[in-house]
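Single-structure report; data block below.
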Amino acid sequence: MTDAQDTAAEATLRTPGGAPPADVETAPIPLLEPREGIPPVVADPDALADVVAAFAAGTGPVAVDAERASGYRYGQRAYLVQLRREGAGSALIDPVGCPDLSALGDAVADAEWVLHAATQDLPCLREIGMVPTRLFDTELAGRLAGFARVGLGAMVENVLGYALEKGHSAVDWSTRPLPDPWLRYAALDVELLVDLRDALEAELERQGKLEWARQEFAAIAAAPPAPPRKDPWRRTSGMHKVRRRRQMAVVRELWNVRDHVAQRRDVSPGKVLGDGAIVEAALNMPPNTHALAALPGFGHRMSRKQLEQWQSAIDRARAIPEAELPQPGQPLTGPPPPRAWADKDPVAAARLLAARSAVSELAERLTMPQENLITPDTVRRLCWEPPKDPTPEAVAEVLAAHGARPWQVEQVTPVLVTALRTTTA
């Protein structure tokens with residue numbers, strides 16, 4: 001057993017960071033105001049230059065957060081960036097007024113950035129010139145440490161004993177000017193982030209998992225930007241109801257028109273036309289605007305011009321030659337769906353069942369989610385095309401080739417070797 005396995009087997013996860021033990025009924029302390037008050041919003045080059053100088057002169061890790069306008073605006077751009085560092089205090093920066101923050105990114109490039117759910121914020125930060133070289137993800141740290149609830153509010157409460165007000169998480173951050181209560185909320189999001197980082201680092205070290213976390217953080221920091229999604233229209237909610245290729249063409253045409261309109265108007269695509277309306281139009285194939293207006297989502301408040309726009313898209317789909325219609329499903333780049341394994345390859349299905357069970361048991365012993373121990377896709381690929389001789393070296397090589405980190409390879413290789421060997425045909 002590793003140190004982490006010994007620790008996890010000895011006792012359930014205790015609350016780290018000096019917070020009261022779980023068996024003591026102590027109410028969390030409400031965190032109502034930032035230590036230095038609400039910082040002014042930085043929205044011009046001169047003010048930004050002052051922030052850059054202050055953060056360059058600061059010390060220690062930099063807490064970073066970003067607020068987007070998901071559900072309100074097109075895309076996932078940042079509408080507010082919050083930072084905090086020892087010696088610099090907190091800063092709130094408006095990326096609308098200051099769209100290029102590369103100078104700030106350069107000023108703190110050598111520092112460790114502390115983010116919560118880093119993969120959510122890194123794309124929008126990258127767009128404005130902020131890219132970390134080192135980071136600490138407090139959400140991922142919480143998962144590896146075995147916390148059941150890993151939202152920022154829950155983590156701050158359970159680890160540090162403070163209660164954050166989370167009432168403004170889903171507001172329209174593109175609003176200008178931003179109300180003071182929203183700015184207070186935003187500043188508080190980075191107020192204790194470094195404190196949380198320090199407490200979680202200590203807990204991970206106590207469990208013998210700190211090196212595991214460091215490998216995960218390094219992988220996130222080094223990951224390239226995600227490539228554009230192929231055929232994004234296939235992710236329309238309710239798409240499973242659409243069976244015929246001609247109907248799929250309607251979804252594609254309506255999705256593309258909606259996306260163009262949303263981008264031009266800078267609004268969320270769902271505010272232009274709902275996914276449900278797109279699917280209804282595809283299933284019913286209305287022949288004219290009168291029939292279209294009778295469908296859910298194309299109600300009386302929609303103008304005739306809008307109805308004609310959507311009907312034109314449907315008519316274009318109806319006119320597409322048969323050979324050019326979209327094919328059902330997406331080309332598979334890996335194993336088939338697991339539900340099909342029993343018919344296609346019963347031996348592989350048995351391997352997968354054994355491997356999943358083994359990973360589940362190990363994850364429970366290590367008090368962490370299975371998907372953080374090893375991705376389900378990696379397990380599927382290994383079980384679908386295992387090495388002819390599943391030695392530890394061969395299995396480790398396959399896992400590493402699919403992107404598993406060294407700590408993951410070390411932990412799961414023994415149990416996966418056993419699973420593969422016991423189910424060899």
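Chain lettering (A, B, ...) mirrors the order of the structure tokens, residue numbering begins at 1 for each chain separately, and ligand numbering begins at 1 in order of display.
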
Output as a count of residues only all residues of stretch 36-149 of chain A that backbone DSSP marks as helix (DSSP H, G or I).
37

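Of the residues under consideration (A:Asp259, A:Asp198, A:Asp137, A:Asp172), A:Asp137 shows the shortest atom-to-atom contact distance to A:Val64 when counting only C-alpha atoms.
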
Interatomic distance (Å, one decimal) between atom CA of A:Val250 and atom CA of A:Val279:
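Between atom CA of A:Val250 and atom CA of A:Val279 the gap works out to 8.6 Å.
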
So that I can check the surroundings of stretch 334-340 of chain A, please list as a PDB file with all heavy atoms, in the first residue's frame every protein, DNA and RNA residue that reaches within 12 Å of it, counting only C-alpha atoms and ignoring chain neighbours fewer than 2 positions away.
ATOM      1  N   GLY A 329     -25.043   9.992 -36.344  1.00  0.00           N
ATOM      2  CA  GLY A 329     -23.929   9.758 -35.433  1.00  0.00           C
ATOM      3  C   GLY A 329     -22.670  10.433 -35.913  1.00  0.00           C
ATOM      4  O   GLY A 329     -22.607  11.028 -36.982  1.00  0.00           O
ATOM      5  N   GLN A 330     -21.629  10.368 -35.083  1.00  0.00           N
ATOM      6  CA  GLN A 330     -20.340  10.929 -35.417  1.00  0.00           C
ATOM      7  C   GLN A 330     -19.346   9.798 -35.609  1.00  0.00           C
ATOM      8  O   GLN A 330     -19.453   8.754 -34.962  1.00  0.00           O
ATOM      9  CB  GLN A 330     -19.856  11.866 -34.310  1.00  0.00           C
ATOM     10  CG  GLN A 330     -20.791  13.043 -34.062  1.00  0.00           C
ATOM     11  CD  GLN A 330     -20.207  14.018 -33.066  1.00  0.00           C
ATOM     12  OE1 GLN A 330     -19.089  14.467 -33.190  1.00  0.00           O
ATOM     13  NE2 GLN A 330     -20.980  14.354 -32.052  1.00  0.00           N
ATOM     14  N   PRO A 331     -18.353   9.982 -36.495  1.00  0.00           N
ATOM     15  CA  PRO A 331     -17.358   8.932 -36.688  1.00  0.00           C
ATOM     16  C   PRO A 331     -16.665   8.592 -35.366  1.00  0.00           C
ATOM     17  O   PRO A 331     -16.245   9.480 -34.628  1.00  0.00           O
ATOM     18  CB  PRO A 331     -16.369   9.571 -37.682  1.00  0.00           C
ATOM     19  CG  PRO A 331     -17.138  10.670 -38.347  1.00  0.00           C
ATOM     20  CD  PRO A 331     -18.117  11.160 -37.343  1.00  0.00           C
ATOM     21  N   LEU A 332     -16.589   7.315 -35.077  1.00  0.00           N
ATOM     22  CA  LEU A 332     -15.957   6.887 -33.835  1.00  0.00           C
ATOM     23  C   LEU A 332     -14.437   6.964 -33.965  1.00  0.00           C
ATOM     24  O   LEU A 332     -13.865   6.527 -34.955  1.00  0.00           O
ATOM     25  CB  LEU A 332     -16.372   5.450 -33.490  1.00  0.00           C
ATOM     26  CG  LEU A 332     -17.815   5.253 -33.034  1.00  0.00           C
ATOM     27  CD1 LEU A 332     -18.123   3.771 -32.884  1.00  0.00           C
ATOM     28  CD2 LEU A 332     -18.073   5.988 -31.729  1.00  0.00           C
ATOM     29  N   ALA A 342     -21.088  -6.281 -25.380  1.00  0.00           N
ATOM     30  CA  ALA A 342     -21.511  -7.662 -25.130  1.00  0.00           C
ATOM     31  C   ALA A 342     -21.801  -8.395 -26.438  1.00  0.00           C
ATOM     32  O   ALA A 342     -21.532  -9.596 -26.557  1.00  0.00           O
ATOM     33  CB  ALA A 342     -22.742  -7.682 -24.225  1.00  0.00           C
ATOM     34  N   ASP A 343     -22.342  -7.671 -27.429  1.00  0.00           N
ATOM     35  CA  ASP A 343     -22.634  -8.290 -28.720  1.00  0.00           C
ATOM     36  C   ASP A 343     -21.400  -8.357 -29.613  1.00  0.00           C
ATOM     37  O   ASP A 343     -21.152  -9.362 -30.287  1.00  0.00           O
ATOM     38  CB  ASP A 343     -23.744  -7.521 -29.442  1.00  0.00           C
ATOM     39  CG  ASP A 343     -25.082  -7.656 -28.725  1.00  0.00           C
ATOM     40  OD1 ASP A 343     -25.309  -8.709 -28.086  1.00  0.00           O
ATOM     41  OD2 ASP A 343     -25.884  -6.708 -28.799  1.00  0.00           O
ATOM     42  N   LYS A 344     -20.620  -7.283 -29.619  1.00  0.00           N
ATOM     43  CA  LYS A 344     -19.476  -7.211 -30.526  1.00  0.00           C
ATOM     44  C   LYS A 344     -18.302  -8.058 -30.046  1.00  0.00           C
ATOM     45  O   LYS A 344     -17.606  -8.692 -30.843  1.00  0.00           O
ATOM     46  CB  LYS A 344     -19.027  -5.745 -30.688  1.00  0.00           C
ATOM     47  CG  LYS A 344     -19.995  -4.859 -31.458  1.00  0.00           C
ATOM     48  CD  LYS A 344     -19.476  -3.428 -31.526  1.00  0.00           C
ATOM     49  CE  LYS A 344     -20.396  -2.532 -32.338  1.00  0.00           C
ATOM     50  NZ  LYS A 344     -20.402  -2.888 -33.771  1.00  0.00           N
ATOM     51  N   ASP A 345     -18.040  -8.025 -28.732  1.00  0.00           N
ATOM     52  CA  ASP A 345     -16.883  -8.744 -28.189  1.00  0.00           C
ATOM     53  C   ASP A 345     -17.143  -9.049 -26.711  1.00  0.00           C
ATOM     54  O   ASP A 345     -16.785  -8.268 -25.831  1.00  0.00           O
ATOM     55  CB  ASP A 345     -15.623  -7.878 -28.337  1.00  0.00           C
ATOM     56  CG  ASP A 345     -14.351  -8.654 -28.009  1.00  0.00           C
ATOM     57  OD1 ASP A 345     -14.432  -9.666 -27.285  1.00  0.00           O
ATOM     58  OD2 ASP A 345     -13.270  -8.230 -28.472  1.00  0.00           O
ATOM     59  N   PRO A 346     -17.780 -10.184 -26.413  1.00  0.00           N
ATOM     60  CA  PRO A 346     -18.112 -10.529 -25.023  1.00  0.00           C
ATOM     61  C   PRO A 346     -16.894 -10.591 -24.105  1.00  0.00           C
ATOM     62  O   PRO A 346     -17.000 -10.249 -22.919  1.00  0.00           O
ATOM     63  CB  PRO A 346     -18.787 -11.896 -25.150  1.00  0.00           C
ATOM     64  CG  PRO A 346     -19.269 -11.965 -26.555  1.00  0.00           C
ATOM     65  CD  PRO A 346     -18.283 -11.189 -27.369  1.00  0.00           C
ATOM     66  N   ALA A 348     -14.155  -8.743 -24.359  1.00  0.00           N
ATOM     67  CA  ALA A 348     -13.818  -7.352 -24.033  1.00  0.00           C
ATOM     68  C   ALA A 348     -14.795  -6.783 -23.016  1.00  0.00           C
ATOM     69  O   ALA A 348     -14.409  -6.027 -22.118  1.00  0.00           O
ATOM     70  CB  ALA A 348     -13.820  -6.507 -25.296  1.00  0.00           C
ATOM     71  N   ALA A 349     -16.072  -7.138 -23.146  1.00  0.00           N
ATOM     72  CA  ALA A 349     -17.075  -6.669 -22.182  1.00  0.00           C
ATOM     73  C   ALA A 349     -16.754  -7.176 -20.780  1.00  0.00           C
ATOM     74  O   ALA A 349     -16.901  -6.433 -19.799  1.00  0.00           O
ATOM     75  CB  ALA A 349     -18.461  -7.128 -22.611  1.00  0.00           C
ATOM     76  N   ALA A 350     -16.309  -8.413 -20.680  1.00  0.00           N
ATOM     77  CA  ALA A 350     -15.927  -8.963 -19.382  1.00  0.00           C
ATOM     78  C   ALA A 350     -14.702  -8.244 -18.826  1.00  0.00           C
ATOM     79  O   ALA A 350     -14.612  -7.985 -17.614  1.00  0.00           O
ATOM     80  CB  ALA A 350     -15.648 -10.460 -19.512  1.00  0.00           C
ATOM     81  N   ARG A 351     -13.742  -7.940 -19.709  1.00  0.00           N
ATOM     82  CA  ARG A 351     -12.557  -7.194 -19.276  1.00  0.00           C
ATOM     83  C   ARG A 351     -12.958  -5.833 -18.714  1.00  0.00           C
ATOM     84  O   ARG A 351     -12.467  -5.404 -17.661  1.00  0.00           O
ATOM     85  CB  ARG A 351     -11.592  -6.977 -20.449  1.00  0.00           C
ATOM     86  CG  ARG A 351     -10.743  -8.161 -20.813  1.00  0.00           C
ATOM     87  CD  ARG A 351      -9.584  -7.751 -21.707  1.00  0.00           C
ATOM     88  NE  ARG A 351     -10.012  -7.186 -22.979  1.00  0.00           N
ATOM     89  CZ  ARG A 351     -10.124  -7.883 -24.105  1.00  0.00           C
ATOM     90  NH1 ARG A 351      -9.863  -9.191 -24.109  1.00  0.00           N
ATOM     91  NH2 ARG A 351     -10.498  -7.293 -25.224  1.00  0.00           N
ATOM     92  N   LEU A 352     -13.855  -5.148 -19.434  1.00  0.00           N
ATOM     93  CA  LEU A 352     -14.271  -3.819 -19.004  1.00  0.00           C
ATOM     94  C   LEU A 352     -14.986  -3.878 -17.660  1.00  0.00           C
ATOM     95  O   LEU A 352     -14.756  -3.030 -16.786  1.00  0.00           O
ATOM     96  CB  LEU A 352     -15.169  -3.189 -20.058  1.00  0.00           C
ATOM     97  CG  LEU A 352     -15.645  -1.761 -19.770  1.00  0.00           C
ATOM     98  CD1 LEU A 352     -14.468  -0.814 -19.647  1.00  0.00           C
ATOM     99  CD2 LEU A 352     -16.612  -1.276 -20.857  1.00  0.00           C
ATOM    100  N   LEU A 353     -15.839  -4.851 -17.485  1.00  0.00           N
ATOM    101  CA  LEU A 353     -16.564  -4.993 -16.216  1.00  0.00           C
ATOM    102  C   LEU A 353     -15.592  -5.197 -15.064  1.00  0.00           C
ATOM    103  O   LEU A 353     -15.709  -4.564 -14.007  1.00  0.00           O
ATOM    104  CB  LEU A 353     -17.545  -6.160 -16.306  1.00  0.00           C
ATOM    105  CG  LEU A 353     -18.431  -6.394 -15.079  1.00  0.00           C
ATOM    106  CD1 LEU A 353     -19.333  -5.199 -14.826  1.00  0.00           C
ATOM    107  CD2 LEU A 353     -19.267  -7.655 -15.257  1.00  0.00           C
ATOM    108  N   ARG A 356     -13.503  -1.898 -14.508  1.00  0.00           N
ATOM    109  CA  ARG A 356     -14.285  -0.855 -13.843  1.00  0.00           C
ATOM    110  C   ARG A 356     -14.453  -1.153 -12.365  1.00  0.00           C
ATOM    111  O   ARG A 356     -14.354  -0.254 -11.514  1.00  0.00           O
ATOM    112  CB  ARG A 356     -15.657  -0.735 -14.511  1.00  0.00           C
ATOM    113  CG  ARG A 356     -15.667   0.019 -15.826  1.00  0.00           C
ATOM    114  CD  ARG A 356     -17.045  -0.026 -16.459  1.00  0.00           C
ATOM    115  NE  ARG A 356     -17.231   0.983 -17.491  1.00  0.00           N
ATOM    116  CZ  ARG A 356     -18.304   1.088 -18.246  1.00  0.00           C
ATOM    117  NH1 ARG A 356     -19.320   0.222 -18.082  1.00  0.00           N
ATOM    118  NH2 ARG A 356     -18.410   2.032 -19.167  1.00  0.00           N
ATOM    119  N   PRO A 376     -12.428   7.349 -17.526  1.00  0.00           N
ATOM    120  CA  PRO A 376     -13.155   6.188 -18.051  1.00  0.00           C
ATOM    121  C   PRO A 376     -12.780   5.865 -19.497  1.00  0.00           C
ATOM    122  O   PRO A 376     -12.739   4.699 -19.890  1.00  0.00           O
ATOM    123  CB  PRO A 376     -14.628   6.614 -17.935  1.00  0.00           C
ATOM    124  CG  PRO A 376     -14.644   7.629 -16.833  1.00  0.00           C
ATOM    125  CD  PRO A 376     -13.336   8.356 -16.951  1.00  0.00           C
ATOM    126  N   ASP A 377     -12.496   6.898 -20.296  1.00  0.00           N
ATOM    127  CA  ASP A 377     -12.129   6.654 -21.692  1.00  0.00           C
ATOM    128  C   ASP A 377     -10.829   5.864 -21.794  1.00  0.00           C
ATOM    129  O   ASP A 377     -10.695   4.972 -22.640  1.00  0.00           O
ATOM    130  CB  ASP A 377     -11.985   7.990 -22.432  1.00  0.00           C
ATOM    131  CG  ASP A 377     -11.630   7.801 -23.898  1.00  0.00           C
ATOM    132  OD1 ASP A 377     -12.480   7.267 -24.650  1.00  0.00           O
ATOM    133  OD2 ASP A 377     -10.505   8.160 -24.290  1.00  0.00           O
ATOM    134  N   THR A 378      -9.870   6.163 -20.923  1.00  0.00           N
ATOM    135  CA  THR A 378      -8.603   5.427 -20.934  1.00  0.00           C
ATOM    136  C   THR A 378      -8.826   3.958 -20.590  1.00  0.00           C
ATOM    137  O   THR A 378      -8.245   3.063 -21.215  1.00  0.00           O
ATOM    138  CB  THR A 378      -7.618   6.071 -19.940  1.00  0.00           C
ATOM    139  OG1 THR A 378      -7.348   7.422 -20.350  1.00  0.00           O
ATOM    140  CG2 THR A 378      -6.310   5.297 -19.880  1.00  0.00           C
ATOM    141  N   VAL A 379      -9.681   3.701 -19.616  1.00  0.00           N
ATOM    142  CA  VAL A 379      -9.975   2.311 -19.232  1.00  0.00           C
ATOM    143  C   VAL A 379     -10.653   1.582 -20.389  1.00  0.00           C
ATOM    144  O   VAL A 379     -10.319   0.427 -20.690  1.00  0.00           O
ATOM    145  CB  VAL A 379     -10.861   2.280 -17.972  1.00  0.00           C
ATOM    146  CG1 VAL A 379     -11.270   0.850 -17.637  1.00  0.00           C
ATOM    147  CG2 VAL A 379     -10.125   2.903 -16.792  1.00  0.00           C
ATOM    148  N   ARG A 380     -11.594   2.254 -21.053  1.00  0.00           N
ATOM    149  CA  ARG A 380     -12.273   1.629 -22.187  1.00  0.00           C
ATOM    150  C   ARG A 380     -11.293   1.282 -23.305  1.00  0.00           C
ATOM    151  O   ARG A 380     -11.345   0.187 -23.879  1.00  0.00           O
ATOM    152  CB  ARG A 380     -13.373   2.549 -22.723  1.00  0.00           C
ATOM    153  CG  ARG A 380     -14.615   2.619 -21.859  1.00  0.00           C
ATOM    154  CD  ARG A 380     -15.767   3.250 -22.602  1.00  0.00           C
ATOM    155  NE  ARG A 380     -15.500   4.633 -22.969  1.00  0.00           N
ATOM    156  CZ  ARG A 380     -15.803   5.675 -22.199  1.00  0.00           C
ATOM    157  NH1 ARG A 380     -16.381   5.484 -21.025  1.00  0.00           N
ATOM    158  NH2 ARG A 380     -15.536   6.904 -22.606  1.00  0.00           N
ATOM    159  N   ARG A 381     -10.423   2.200 -23.633  1.00  0.00           N
ATOM    160  CA  ARG A 381      -9.470   1.958 -24.721  1.00  0.00           C
ATOM    161  C   ARG A 381      -8.524   0.808 -24.386  1.00  0.00           C
ATOM    162  O   ARG A 381      -8.190  -0.014 -25.247  1.00  0.00           O
ATOM    163  CB  ARG A 381      -8.690   3.244 -25.026  1.00  0.00           C
ATOM    164  CG  ARG A 381      -9.546   4.321 -25.688  1.00  0.00           C
ATOM    165  CD  ARG A 381      -8.785   5.627 -25.844  1.00  0.00           C
ATOM    166  NE  ARG A 381      -9.643   6.675 -26.394  1.00  0.00           N
ATOM    167  CZ  ARG A 381      -9.775   6.951 -27.687  1.00  0.00           C
ATOM    168  NH1 ARG A 381      -9.105   6.226 -28.582  1.00  0.00           N
ATOM    169  NH2 ARG A 381     -10.563   7.918 -28.101  1.00  0.00           N
ATOM    170  N   LEU A 382      -8.081   0.746 -23.150  1.00  0.00           N
ATOM    171  CA  LEU A 382      -7.204  -0.347 -22.725  1.00  0.00           C
ATOM    172  C   LEU A 382      -7.927  -1.682 -22.836  1.00  0.00           C
ATOM    173  O   LEU A 382      -7.359  -2.674 -23.325  1.00  0.00           O
ATOM    174  CB  LEU A 382      -6.738  -0.118 -21.282  1.00  0.00           C
ATOM    175  CG  LEU A 382      -5.993  -1.284 -20.639  1.00  0.00           C
ATOM    176  CD1 LEU A 382      -4.634  -1.506 -21.293  1.00  0.00           C
ATOM    177  CD2 LEU A 382      -5.836  -1.059 -19.137  1.00  0.00           C
ATOM    178  N   CYS A 383      -9.175  -1.731 -22.398  1.00  0.00           N
ATOM    179  CA  CYS A 383      -9.919  -2.997 -22.387  1.00  0.00           C
ATOM    180  C   CYS A 383     -10.352  -3.427 -23.790  1.00  0.00           C
ATOM    181  O   CYS A 383     -10.506  -4.625 -24.044  1.00  0.00           O
ATOM    182  CB  CYS A 383     -11.140  -2.881 -21.472  1.00  0.00           C
ATOM    183  SG  CYS A 383     -10.723  -2.736 -19.719  1.00  0.00           S
ATOM    184  N   TRP A 384     -10.556  -2.467 -24.683  1.00  0.00           N
ATOM    185  CA  TRP A 384     -10.968  -2.821 -26.043  1.00  0.00           C
ATOM    186  C   TRP A 384      -9.785  -3.383 -26.843  1.00  0.00           C
ATOM    187  O   TRP A 384      -9.947  -4.326 -27.619  1.00  0.00           O
ATOM    188  CB  TRP A 384     -11.558  -1.610 -26.743  1.00  0.00           C
ATOM    189  CG  TRP A 384     -12.143  -1.919 -28.089  1.00  0.00           C
ATOM    190  CD1 TRP A 384     -11.670  -1.547 -29.312  1.00  0.00           C
ATOM    191  CD2 TRP A 384     -13.322  -2.691 -28.352  1.00  0.00           C
ATOM    192  NE1 TRP A 384     -12.468  -2.016 -30.318  1.00  0.00           N
ATOM    193  CE2 TRP A 384     -13.509  -2.734 -29.758  1.00  0.00           C
ATOM    194  CE3 TRP A 384     -14.251  -3.344 -27.542  1.00  0.00           C
ATOM    195  CZ2 TRP A 384     -14.567  -3.399 -30.364  1.00  0.00           C
ATOM    196  CZ3 TRP A 384     -15.319  -4.012 -28.142  1.00  0.00           C
ATOM    197  CH2 TRP A 384     -15.456  -4.036 -29.531  1.00  0.00           C
ATOM    198  N   GLU A 385      -8.609  -2.784 -26.666  1.00  0.00           N
ATOM    199  CA  GLU A 385      -7.411  -3.253 -27.361  1.00  0.00           C
ATOM    200  C   GLU A 385      -6.278  -3.430 -26.358  1.00  0.00           C
ATOM    201  O   GLU A 385      -5.330  -2.635 -26.314  1.00  0.00           O
ATOM    202  CB  GLU A 385      -7.008  -2.268 -28.457  1.00  0.00           C
ATOM    203  CG  GLU A 385      -8.009  -2.163 -29.601  1.00  0.00           C
ATOM    204  CD  GLU A 385      -7.532  -1.232 -30.700  1.00  0.00           C
ATOM    205  OE1 GLU A 385      -6.574  -0.463 -30.441  1.00  0.00           O
ATOM    206  OE2 GLU A 385      -8.089  -1.268 -31.793  1.00  0.00           O
ATOM    207  N   PRO A 386      -6.353  -4.481 -25.519  1.00  0.00           N
ATOM    208  CA  PRO A 386      -5.320  -4.677 -24.498  1.00  0.00           C
ATOM    209  C   PRO A 386      -4.038  -5.232 -25.120  1.00  0.00           C
ATOM    210  O   PRO A 386      -4.058  -5.767 -26.235  1.00  0.00           O
ATOM    211  CB  PRO A 386      -5.965  -5.699 -23.562  1.00  0.00           C
ATOM    212  CG  PRO A 386      -6.852  -6.503 -24.473  1.00  0.00           C
ATOM    213  CD  PRO A 386      -7.379  -5.531 -25.487  1.00  0.00           C
ATOM    214  N   HIS A 402      -2.153   7.104 -23.536  1.00  0.00           N
ATOM    215  CA  HIS A 402      -3.470   7.741 -23.549  1.00  0.00           C
ATOM    216  C   HIS A 402      -3.531   8.946 -22.612  1.00  0.00           C
ATOM    217  O   HIS A 402      -4.621   9.469 -22.345  1.00  0.00           O
ATOM    218  CB  HIS A 402      -4.557   6.737 -23.190  1.00  0.00           C
ATOM    219  CG  HIS A 402      -4.800   5.713 -24.269  1.00  0.00           C
ATOM    220  ND1 HIS A 402      -5.039   6.050 -25.578  1.00  0.00           N
ATOM    221  CD2 HIS A 402      -4.827   4.358 -24.230  1.00  0.00           C
ATOM    222  CE1 HIS A 402      -5.209   4.961 -26.303  1.00  0.00           C
ATOM    223  NE2 HIS A 402      -5.081   3.915 -25.513  1.00  0.00           N
TER     224      HIS A 402
END

Would you mind listing what lies within 10 Å of stretch 307-312 of chain A as a PDB file with C-alpha atoms, in the first residue's frame, with only C-alpha atoms counted and same-chain residues fewer than 5 positions away left out?
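Saved the output as part.pdb:
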ATOM      1  CA  VAL A 250     -32.843  20.797 -40.639  1.00  0.00           C
ATOM      2  CA  GLU A 253     -29.305  24.559 -40.938  1.00  0.00           C
ATOM      3  CA  LEU A 254     -31.286  26.059 -38.060  1.00  0.00           C
ATOM      4  CA  TRP A 255     -28.316  25.707 -35.682  1.00  0.00           C
ATOM      5  CA  VAL A 257     -28.424  30.353 -38.707  1.00  0.00           C
ATOM      6  CA  ARG A 258     -29.012  30.718 -34.975  1.00  0.00           C
ATOM      7  CA  LEU A 273     -33.956  30.212 -30.566  1.00  0.00           C
ATOM      8  CA  ILE A 278     -34.981  23.473 -33.393  1.00  0.00           C
ATOM      9  CA  ALA A 281     -38.990  22.027 -36.466  1.00  0.00           C
ATOM     10  CA  MET A 285     -40.665  19.714 -41.234  1.00  0.00           C
ATOM     11  CA  PRO A 286     -43.237  22.553 -41.556  1.00  0.00           C
ATOM     12  CA  PRO A 287     -43.920  23.476 -45.213  1.00  0.00           C
ATOM     13  CA  ASN A 288     -44.511  27.195 -44.569  1.00  0.00           C
ATOM     14  CA  THR A 289     -44.306  29.938 -41.947  1.00  0.00           C
ATOM     15  CA  HIS A 290     -47.935  29.420 -40.918  1.00  0.00           C
ATOM     16  CA  ALA A 291     -47.225  25.806 -39.942  1.00  0.00           C
ATOM     17  CA  LEU A 292     -43.929  26.841 -38.371  1.00  0.00           C
ATOM     18  CA  ALA A 293     -45.617  29.451 -36.164  1.00  0.00           C
ATOM     19  CA  PHE A 298     -42.102  29.782 -32.672  1.00  0.00           C
ATOM     20  CA  GLY A 299     -44.920  31.571 -30.895  1.00  0.00           C
ATOM     21  CA  MET A 302     -41.877  36.015 -33.151  1.00  0.00           C
ATOM     22  CA  ALA A 317     -32.430  21.544 -45.722  1.00  0.00           C
ATOM     23  CA  ARG A 318     -35.350  20.124 -47.672  1.00  0.00           C
TER      24      ARG A 318
END

For stretch 343-401 of chain A versus stretch 205-220 of chain A, which residues have an atom no more than 12 Å away, and what is each residue's nearest atom pair and distance in Å rounded to one decimal, using only C-alpha atoms, chain-then-number order, as CSV?
residue,atom,partner,partner_atom,distance
A:Arg365,CA,A:Gln207,CA,12.0
A:Leu366,CA,A:Gln207,CA,9.2
A:Thr367,CA,A:Gln207,CA,10.0
A:Met368,CA,A:Lys209,CA,10.7
A:Asn372,CA,A:Glu216,CA,9.4
A:Leu373,CA,A:Trp212,CA,9.8
A:Ile374,CA,A:Glu216,CA,11.5

Write the residues of the selection above to a file with N, CA, C and O atoms, as a compact mmCIF listing (two decimals), in the first residue's frame.
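After the write, selection_25.txt holds the following:
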# COMPACT_ATOMS: atom_id res chain seq x y z
N ARG A 365 -10.85 3.26 -1.89
CA ARG A 365 -9.78 3.17 -0.88
C ARG A 365 -8.97 4.46 -0.81
O ARG A 365 -8.50 4.84 0.27
N LEU A 366 -8.82 5.11 -1.94
CA LEU A 366 -8.04 6.35 -1.98
C LEU A 366 -8.89 7.59 -1.72
O LEU A 366 -8.37 8.71 -1.74
N THR A 367 -10.17 7.40 -1.46
CA THR A 367 -11.12 8.50 -1.22
C THR A 367 -11.01 9.59 -2.28
O THR A 367 -10.73 10.74 -1.98
N MET A 368 -11.28 9.20 -3.52
CA MET A 368 -11.34 10.19 -4.60
C MET A 368 -12.26 9.67 -5.69
O MET A 368 -12.49 8.45 -5.79
N ASN A 372 -11.06 10.94 -11.49
CA ASN A 372 -9.80 11.60 -11.18
C ASN A 372 -8.67 10.61 -11.00
O ASN A 372 -7.50 10.95 -11.19
N LEU A 373 -9.02 9.40 -10.64
CA LEU A 373 -8.00 8.35 -10.53
C LEU A 373 -7.52 7.93 -11.91
O LEU A 373 -6.31 7.79 -12.14
N ILE A 374 -8.44 7.73 -12.85
CA ILE A 374 -8.11 7.42 -14.24
C ILE A 374 -9.37 7.71 -15.07
O ILE A 374 -10.48 7.39 -14.62

Which residue, A:Arg265, A:Gly161, A:Arg246, A:Arg197, has the smallest gap to A:Ala323 when you use only C-alpha atoms?
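Closest to A:Ala323, using only C-alpha atoms: A:Arg246.
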
I want to know what sits within 10 Å of A:Leu92, based on only C-alpha atoms, with residues of the same chain fewer than 4 positions away left out; could you give that as a VMD selection string?
chain A and resid 38 to 43 48 51 65 to 66 80 to 84 183 186 to 187

With distances taken over only C-alpha atoms, which of A:Val415, A:Ile128, A:Leu115, A:Met248 is nearest to A:Trp233?
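Comparing A:Val415, A:Ile128, A:Leu115, A:Met248 against A:Trp233, the winner is A:Met248.
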
Mind giving me the straight-line distance from atom CA of A:His260 to atom CA of A:Val272 in Å, one decimal?
10.1 Å

If you run DSSP on this backbone, which residues of stretch 113-356 of chain A come out as strand (DSSP E or B), and could you give them as a VMD selection string?
chain A and resid 113 to 115 134 to 137 162 to 163

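Here atom CA of A:Pro269 stands at a distance of 11.2 Å from atom CA of A:Thr236.
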
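Closest to A:Ala103 among A:His240, A:Phe55, A:Ser174, A:Glu67 is A:Phe55, based on only C-alpha atoms.
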
Got a sec: who's within 9 Å of A:Val267, counting only C-alpha atoms, leaving out chain neighbours fewer than 3 positions off, as an NGL selection string?
:A and (71-75 or 261-264 or 270-272)

Between A:Thr424, A:Val412, A:Tyr79, A:Leu193, which one has atoms that come closest to A:Thr175, using only C-alpha atoms?
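Looking only at the distances to A:Thr175, the closest residue turns out to be A:Tyr79.
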